[in-house]
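Below is the file coords.txt, which contains compact mmCIF, C-alpha atoms.
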# COMPACT_ATOMS: atom_id res chain seq x y z
CA MET A 1 15.35 -24.89 -28.22
CA ALA A 2 15.72 -23.82 -24.58
CA GLU A 3 19.22 -23.69 -23.16
CA GLU A 4 19.92 -26.45 -20.68
CA GLY A 5 19.78 -25.37 -17.03
CA ILE A 6 18.07 -22.05 -17.74
CA ILE A 7 14.61 -21.63 -16.27
CA ARG A 8 12.44 -19.33 -18.32
CA PRO A 9 9.96 -17.27 -16.29
CA ARG A 10 6.32 -18.24 -16.74
CA GLU A 11 4.29 -15.53 -18.47
CA LEU A 12 1.14 -14.66 -16.53
CA ASN A 13 -1.99 -13.04 -17.92
CA SER A 14 -4.37 -12.70 -14.96
CA VAL A 15 -4.45 -11.78 -11.29
CA GLN A 16 -5.83 -15.25 -10.60
CA GLU A 17 -2.69 -16.85 -12.10
CA LEU A 18 -0.51 -14.50 -10.07
CA LEU A 19 -2.43 -15.29 -6.88
CA GLU A 20 -2.00 -19.03 -7.45
CA LEU A 21 1.80 -18.57 -7.50
CA SER A 22 1.92 -16.02 -4.63
CA ASP A 23 2.32 -16.33 -0.92
CA ILE A 24 2.76 -13.45 1.49
CA ARG A 25 6.21 -13.64 3.07
CA GLY A 26 5.80 -10.85 5.59
CA LEU A 27 4.99 -7.29 6.54
CA ASP A 28 7.49 -4.57 7.39
CA PHE A 29 6.82 -1.24 9.06
CA HIS A 30 9.09 1.54 7.84
CA GLU A 31 7.59 4.43 9.83
CA LEU A 32 4.93 4.96 12.48
CA SER A 33 4.50 8.52 13.70
CA ALA A 34 1.95 10.72 15.39
CA LYS A 35 2.51 14.42 15.90
CA ARG A 36 0.25 16.90 17.66
CA ASN A 37 0.13 20.42 16.25
CA PRO A 38 1.34 22.60 19.13
CA ASP A 39 -0.74 25.52 17.85
CA ALA A 40 -4.00 23.56 17.84
CA PRO A 41 -6.40 24.44 20.67
CA GLY A 42 -7.01 20.77 21.46
CA PRO A 43 -7.95 17.43 19.97
CA ALA A 44 -10.04 17.25 16.82
CA ALA A 45 -13.78 17.63 17.27
CA GLU A 46 -15.82 14.47 16.86
CA GLY A 47 -16.55 14.08 13.14
CA GLU A 48 -13.95 16.67 12.05
CA ASP A 49 -12.86 16.28 8.45
CA TYR A 50 -9.48 14.73 7.77
CA SER A 51 -7.50 13.94 4.67
CA VAL A 52 -5.66 10.71 3.89
CA GLN A 53 -2.92 10.48 1.28
CA LEU A 54 -1.93 6.94 0.21
CA ASP A 55 1.32 6.77 -1.77
CA LEU A 56 2.22 3.39 -3.23
CA SER A 57 5.46 1.99 -4.55
CA ASP A 58 6.62 -1.47 -5.46
CA MET A 59 9.64 -3.58 -6.22
CA THR A 60 9.06 -6.46 -8.60
CA THR A 61 11.38 -9.28 -9.68
CA PRO A 62 10.58 -12.61 -11.37
CA THR A 63 10.37 -14.25 -7.91
CA GLU A 64 8.85 -11.57 -5.66
CA LEU A 65 6.74 -8.45 -5.44
CA ASN A 66 6.87 -5.94 -2.59
CA VAL A 67 4.04 -3.44 -2.19
CA ARG A 68 4.72 -0.42 -0.01
CA CYS A 69 2.13 2.11 1.13
CA ARG A 70 2.91 5.33 2.94
CA ALA A 71 -0.32 6.66 4.44
CA THR A 72 -0.50 10.20 5.82
CA LEU A 73 -3.58 11.32 7.74
CA THR A 74 -3.91 15.02 8.48
CA LEU A 75 -6.21 16.78 10.93
CA LEU A 76 -6.00 20.42 12.00
CA SER A 77 -4.69 19.24 15.36
CA SER A 78 -2.31 16.42 14.33
CA THR A 79 -0.62 14.40 11.61
CA PHE A 80 -0.13 10.63 11.46
CA ILE A 81 2.08 8.51 9.20
CA VAL A 82 2.01 4.75 8.70
CA ASP A 83 4.48 3.35 6.17
CA VAL A 84 4.10 -0.41 5.69
CA SER A 85 5.02 -2.96 3.04
CA ALA A 86 3.88 -6.47 2.19
CA ALA A 87 6.29 -8.93 0.55
CA TYR A 88 4.97 -11.64 -1.75
CA GLU A 89 7.01 -14.61 -2.98
CA PHE A 90 6.23 -16.49 -6.18
CA SER A 91 6.53 -20.28 -6.21
CA GLU A 92 8.25 -20.07 -9.60
CA PRO A 93 9.81 -17.27 -11.65
CA CYS A 94 7.21 -15.34 -13.61
CA VAL A 95 6.75 -12.22 -15.70
CA PHE A 96 3.65 -10.12 -16.20
CA SER A 97 2.55 -6.82 -17.69
CA PRO A 98 2.64 -3.48 -15.86
CA GLU A 99 -1.19 -3.50 -16.04
CA LEU A 100 -1.32 -6.86 -14.25
CA ARG A 101 1.16 -5.61 -11.65
CA GLN A 102 -1.04 -2.56 -11.03
CA GLU A 103 -4.16 -4.70 -10.74
CA PHE A 104 -2.43 -6.99 -8.21
CA ILE A 105 -1.35 -3.98 -6.15
CA GLU A 106 -4.85 -2.46 -6.23
CA ARG A 107 -6.75 -5.68 -5.52
CA VAL A 108 -4.35 -7.69 -3.35
CA GLY A 109 -1.49 -5.55 -2.05
CA MET A 110 -3.63 -2.76 -0.65
CA MET A 111 -6.00 -5.27 0.96
CA SER A 112 -2.99 -6.73 2.81
CA VAL A 113 -1.56 -3.49 4.19
CA TYR A 114 -4.73 -1.42 4.74
CA PRO A 115 -5.90 -3.15 7.96
CA PHE A 116 -2.51 -2.31 9.53
CA ILE A 117 -2.77 1.30 8.40
CA ARG A 118 -6.29 1.53 9.81
CA GLN A 119 -5.34 -0.09 13.13
CA ASN A 120 -2.24 2.06 13.62
CA PHE A 121 -4.06 5.33 12.89
CA HIS A 122 -6.60 4.36 15.53
CA ALA A 123 -4.03 3.25 18.13
CA MET A 124 -1.76 6.27 17.64
CA SER A 125 -4.65 8.75 17.82
CA VAL A 126 -5.69 7.31 21.19
CA GLN A 127 -2.08 7.23 22.44
CA ILE A 128 -1.51 10.95 21.83
CA GLY A 129 -4.86 12.00 23.31
CA GLU A 130 -6.46 12.75 19.95
CA THR A 131 -10.07 11.97 19.09
CA PRO A 132 -9.95 8.27 18.08
CA ILE A 133 -9.64 7.88 14.31
CA LEU A 134 -11.29 4.91 12.67
CA LEU A 135 -10.94 4.78 8.90
CA PRO A 136 -13.76 3.13 6.96
CA ILE A 137 -13.45 -0.44 5.75
CA LEU A 138 -11.70 -0.73 2.41
CA ARG A 139 -14.14 -2.19 -0.09
CA ALA A 140 -13.03 -4.64 -2.79
CA ASN A 141 -12.05 -2.92 -6.05
CA SER A 142 -12.19 0.54 -4.45
CA VAL A 143 -8.48 1.35 -4.91
CA LYS A 144 -7.48 3.00 -8.18
CA LEU A 145 -3.98 4.28 -8.85
CA VAL A 146 -3.18 7.62 -10.39
CA HIS A 147 0.34 7.65 -11.83
CA GLN A 148 2.67 10.45 -10.86
CA ASP A 149 4.88 10.68 -13.95
CA ASP A 150 5.54 14.38 -13.51
CA VAL A 151 6.65 14.22 -9.87
CA ASP A 152 10.38 14.94 -9.61
CA GLU A 153 11.15 13.66 -6.14
CA VAL A 154 9.06 10.89 -4.67
CA HIS A 155 10.84 8.69 -2.14
CA PRO A 156 10.50 5.77 -2.44
CA PRO A 157 9.84 5.81 -6.20
CA SER A 158 6.08 5.83 -6.46
CA ILE A 159 3.90 4.00 -8.92
CA GLY A 160 0.96 6.12 -7.95
CA THR A 161 -1.38 7.51 -5.40
CA ALA A 162 -4.42 5.55 -4.38
CA ILE A 163 -7.69 7.37 -4.86
CA ASP A 164 -11.22 6.40 -3.98
CA ALA A 165 -9.76 4.14 -1.30
CA VAL A 166 -11.04 6.07 1.70
CA ASP A 167 -14.46 7.68 1.66

Would you write the structure of this file as structure tokens?
Amino acid sequence: MAEEGIIRPRELNSVQELLELSDIRGLDFHELSAKRNPDAPGPAAEGEDYSVQLDLSDMTTPTELNVRCRATLTLLSSTFIVDVSAAYEFSEPCVFSPELRQEFIERVGMMSVYPFIRQNFHAMSVQIGETPILLPILRANSVKLVHQDDVDEVHPPSIGTAIDAVD
């Protein structure tokens, strides 16, 4: 018998169920930075290789989930950082497995923040006189998380690093 006045969280078993209860509440930018390497001879050459590191973290409660992605793009001539989070509210308290949380982050959370990462890398590269950077489109189901259990100091606490997200 349930105690009177206590609302038990609904147990969810699929991303579809989680999506039905979710609504995006907002986006927050935690850091936007672009830094030219003073030792570089000039802007990157057209088509120069770059690396992108996507570090993800989350905060989950029975009524909300926040997905945060810190993206670092490195060229020989400059470094860019975009740190953005998306906040989702649930229409009722719910609980779900860590696997379902990860799937939501990979399939929904990253799709919410990635366009802002892509746009800011492009805008900042133009603003500092760098060769314009345009990341490829993020394809559905292309984000996979690799957990960083053996990392001692990751701030904010990371659930993983996205791989296969950027060609």

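The closest residue to Asn120 (chain A), picked from A:Gln16, A:Ser33, A:Thr79, A:Ser97 and counting all atoms listed in the file, is A:Ser33.
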
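Taking only C-alpha atoms into account, Ile133 (chain A) lies nearest to A:Ser51 out of the set A:Ser51, A:Ser85, A:Ser112, A:Thr61.
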
Within 8 Å of Phe96 (chain A) using only C-alpha atoms, minus same-chain residues under 2 positions, as a list in words = Glu11, Leu12, Asn13, Cys94, Pro98, Leu100 and Arg101 of chain A

Please check which residues have atoms at most 10 Å from (-7.4, -1.2, -4.4) in the file's coordinates, counting all atoms listed in the file, and write them as an mmCIF file with C-alpha atoms, keeping the file's coordinate frame.
data_model
loop_
_atom_site.group_PDB
_atom_site.id
_atom_site.type_symbol
_atom_site.label_atom_id
_atom_site.label_comp_id
_atom_site.auth_asym_id
_atom_site.auth_seq_id
_atom_site.Cartn_x
_atom_site.Cartn_y
_atom_site.Cartn_z
ATOM 1 C CA GLN A 102 -1.040 -2.560 -11.030
ATOM 2 C CA GLU A 103 -4.160 -4.700 -10.740
ATOM 3 C CA PHE A 104 -2.430 -6.990 -8.210
ATOM 4 C CA ILE A 105 -1.350 -3.980 -6.150
ATOM 5 C CA GLU A 106 -4.850 -2.460 -6.230
ATOM 6 C CA ARG A 107 -6.750 -5.680 -5.520
ATOM 7 C CA VAL A 108 -4.350 -7.690 -3.350
ATOM 8 C CA GLY A 109 -1.490 -5.550 -2.050
ATOM 9 C CA MET A 110 -3.630 -2.760 -0.650
ATOM 10 C CA MET A 111 -6.000 -5.270 0.960
ATOM 11 C CA TYR A 114 -4.730 -1.420 4.740
ATOM 12 C CA LEU A 138 -11.700 -0.730 2.410
ATOM 13 C CA ARG A 139 -14.140 -2.190 -0.090
ATOM 14 C CA ALA A 140 -13.030 -4.640 -2.790
ATOM 15 C CA ASN A 141 -12.050 -2.920 -6.050
ATOM 16 C CA SER A 142 -12.190 0.540 -4.450
ATOM 17 C CA VAL A 143 -8.480 1.350 -4.910
ATOM 18 C CA LYS A 144 -7.480 3.000 -8.180
ATOM 19 C CA LEU A 145 -3.980 4.280 -8.850
ATOM 20 C CA ALA A 162 -4.420 5.550 -4.380
ATOM 21 C CA ILE A 163 -7.690 7.370 -4.860
ATOM 22 C CA ASP A 164 -11.220 6.400 -3.980
ATOM 23 C CA ALA A 165 -9.760 4.140 -1.300
#

Fewer than 4 positions away in the same chain doesn't count, so skip those; otherwise give me all residues within 12 Å of Ser78 (chain A), counting only C-alpha atoms, as a PyMOL selection string.
-> chain A and resi 33-45+48+50-51+72-74+121+124-126+128-133

Which is closest to Val146 (chain A) among A:Leu65, A:Leu76, A:Val113, A:Leu54, if we use only C-alpha atoms?
-> A:Leu54

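Taking only C-alpha atoms, the non-local environment of His30 (chain A) within 7 Å (same-chain residues fewer than 2 positions away omitted) comprises Asp28, Asp83 and Val84 of chain A.
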
Include C-alpha atoms and write out the residues we just selected as a CSV table (one decimal), in the frame of the given file.
chain,number,residue,atom,x,y,z
A,28,ASP,CA,7.5,-4.6,7.4
A,83,ASP,CA,4.5,3.4,6.2
A,84,VAL,CA,4.1,-0.4,5.7

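Relative to CA of Pro93 (chain A), CA of Leu56 (chain A) is found at 23.6 Å.
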
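Residue nearest Gly26 (chain A) within the list A:Val95, A:Ala86, A:Leu134, A:Ile7: A:Ala86 [criterion: smallest interatomic distance, all atoms listed in the file].
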
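Closest approach to Glu64 (chain A) among A:Val52, A:Leu27, A:Ala123, A:Leu21 is made by A:Leu21 (distances from only C-alpha atoms).
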
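Using all atoms listed in the file, the shortest contact distance between His122 (chain A) and any of A:Leu18, A:Cys69, A:Ala87, A:Leu32 is found at A:Leu32.
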